[in-house]
Amino acid sequence: LAAMRRGVSSAALRAAVSLSDDSRPAESPAERPDAKHLVRNSGNRVHIERCTSLAELDAAAERYGHLPQVCFAGESNAGKSSMLNHLIGQRVSRSSSVAGKTRSIDFIVVNDRVVLTDLPGLPARDGQTTQLWDTLFEPLFHAYLDSPIDLRAMFFLHDCRWRVSTPIRAFVDEMRRVELPTVLVLTKDDQVEEPAMRNVHLSKVTKRLDWTGMHIHYSATNETPNGRKSRRQVLRYIETFAELGSREECAAKLEELAAERAARRAAASVSPASAA
């Protein structure tokens with residue numbers, strides 16, 4: 001009103017207000033509500049090292065060996081790339097319906113604080129990638145396990161609708177032998193039409209894998225409550241693994257969580273009548 005009395009037009013006043021708004025400093029990364037998290041909901045700074053040879057793998061391991069790291073493994077087309085894109089909130093991994101799209105070990109460095117590693121897909125049930133795995137991927141994978149990195153844990157992905165094949169069971173058994181803490185991730189959960197079938201699929205997979213550890217159901221979408229919830233669950237796991245000091249502590253934490261879950265289920269299964 002005072003400006004109008006001084007002869008300043010309303011258009012000029014609006015322009016001045018607009019200029020004032022635009023000149024305010026943008027929110028810095030440190031001021032973001034989620035800045036304390038390793039992986040933010042958006043605006044993550046990402047750098048990717050794609051390793052297709054032992055020399056490239058050695059260089060990446062030396063460069064990022066000081067950062068806590070978790071890896072993502074699973075059969076081809078199990079949903080690793082979709083899950084990583086969903087977790088980070090941007091397209092960082094090349095997803096495709098074609099088996100064997102990931103042909104390198106990809107170090108995905110997020111905010112210079114944690115490394116999420118996308119591993120090549122294990123041999124598909126139809127045998128499309130068996131030769132690639134035997135000749136290229138498996139030697140590269142074992143070199144990765146032996147490299148001087150701070151690998152805390154693995155997320156092992158399996159499409160909840162698929163039968164567990166013999167090679168997949170052998171791979172999980174091998175991870176037990178090398179004592180790599182692992183969380184089983186049942187993917188494509190949003191594609192199960194009947195909720196009751198989730199438990200049926202879970203029972204078949206865990207029985208075939210002889211799995212008693214931690215597992216989660218995952219949907220790589222923010223359009224459903226389950227998708228948003230599963231993303232938060234995995235990010236909490238990553239935060240926990242990074243906060244702990246060693247792979248051994250991560251293994252102990254997963255064992256503790258599995259024991260707590262088993263105790264809760266046992267308590268829930270006891271009816272008041274039987275308890276009396």
# chains A, B, ... in the order shown; residues from 1 in each chain; ligands from 1
call {"tool": "select_by_dssp", "arguments": {"residues": "stretch 14-255 of chain A", "states": "strand (DSSP E)", "output": "PyMOL selection string"}}
result
chain A and resi 46-51+68-74+105-110+114-118+150-159+182-187+215-217
call {"tool": "closest_atom_pairs", "arguments": {"of": "stretch 205-275 of chain A", "to": "stretch 149-168 of chain A", "cutoff": "10 Å", "atoms": "only C-alpha atoms", "output": "Markdown table"}}
result
| residue | atom | partner | partner_atom | distance |
| --- | --- | --- | --- | --- |
| A:Val205 | CA | A:Val164 | CA | 6.3 |
| A:Thr206 | CA | A:Val164 | CA | 9.2 |
| A:Lys207 | CA | A:Val164 | CA | 9.6 |
| A:Arg208 | CA | A:Val164 | CA | 6.4 |
| A:Leu209 | CA | A:Val164 | CA | 7.4 |
| A:His215 | CA | A:Phe155 | CA | 9.3 |
| A:Ile216 | CA | A:Leu157 | CA | 9.8 |
| A:His217 | CA | A:Cys160 | CA | 8.2 |
| A:Tyr218 | CA | A:Leu157 | CA | 9.1 |
| A:Val234 | CA | A:Phe155 | CA | 8.9 |
| A:Tyr237 | CA | A:Ala153 | CA | 9.6 |
| A:Ile238 | CA | A:Ala153 | CA | 8.8 |
| A:Phe241 | CA | A:Arg152 | CA | 6.2 |
| A:Ala242 | CA | A:Arg152 | CA | 7.5 |
| A:Leu244 | CA | A:Arg152 | CA | 8.7 |
| A:Gly245 | CA | A:Arg152 | CA | 8.9 |
| A:Ser246 | CA | A:Arg152 | CA | 6.5 |
| A:Arg247 | CA | A:Arg152 | CA | 4.6 |
| A:Glu248 | CA | A:Arg152 | CA | 8.3 |
| A:Glu249 | CA | A:Arg152 | CA | 8.9 |
| A:Cys250 | CA | A:Arg152 | CA | 6.6 |
| A:Ala251 | CA | A:Ala153 | CA | 8.0 |
| A:Leu254 | CA | A:Ala153 | CA | 9.9 |
call {"tool": "write_last_selection", "arguments": {"atoms": "C-alpha atoms", "output": "PDB file, in the first residue's frame"}}
result
ATOM      1  CA  VAL A 205      11.612 -70.320  -0.852  1.00  0.00           C
ATOM      2  CA  THR A 206      12.827 -70.468   2.749  1.00  0.00           C
ATOM      3  CA  LYS A 207      12.357 -74.244   2.882  1.00  0.00           C
ATOM      4  CA  ARG A 208      14.329 -74.772  -0.331  1.00  0.00           C
ATOM      5  CA  LEU A 209      17.117 -72.471   0.870  1.00  0.00           C
ATOM      6  CA  HIS A 215      13.980 -61.668   5.072  1.00  0.00           C
ATOM      7  CA  ILE A 216      11.794 -58.923   3.688  1.00  0.00           C
ATOM      8  CA  HIS A 217       9.239 -58.629   0.891  1.00  0.00           C
ATOM      9  CA  TYR A 218      10.157 -55.895  -1.582  1.00  0.00           C
ATOM     10  CA  VAL A 234      16.250 -51.811   3.398  1.00  0.00           C
ATOM     11  CA  TYR A 237      19.464 -52.145   7.247  1.00  0.00           C
ATOM     12  CA  ILE A 238      22.062 -50.201   5.253  1.00  0.00           C
ATOM     13  CA  PHE A 241      25.393 -52.116   8.687  1.00  0.00           C
ATOM     14  CA  ALA A 242      27.334 -48.893   8.143  1.00  0.00           C
ATOM     15  CA  LEU A 244      28.434 -51.229  13.033  1.00  0.00           C
ATOM     16  CA  GLY A 245      32.166 -51.640  13.060  1.00  0.00           C
ATOM     17  CA  SER A 246      32.701 -54.907  11.204  1.00  0.00           C
ATOM     18  CA  ARG A 247      31.192 -57.730   9.190  1.00  0.00           C
ATOM     19  CA  GLU A 248      31.177 -59.868  12.337  1.00  0.00           C
ATOM     20  CA  GLU A 249      29.055 -57.283  14.157  1.00  0.00           C
ATOM     21  CA  CYS A 250      26.655 -57.182  11.214  1.00  0.00           C
ATOM     22  CA  ALA A 251      26.312 -60.971  11.363  1.00  0.00           C
ATOM     23  CA  LEU A 254      21.176 -60.178  11.973  1.00  0.00           C
TER      24      LEU A 254
END
call {"tool": "residues_around", "arguments": {"residues": "A:Asp106", "least_positions_apart": "4", "cutoff": "9 Å", "atoms": "only C-alpha atoms", "output": "ChimeraX atom specification"}}
result
/A:48-52,93,102,116-120
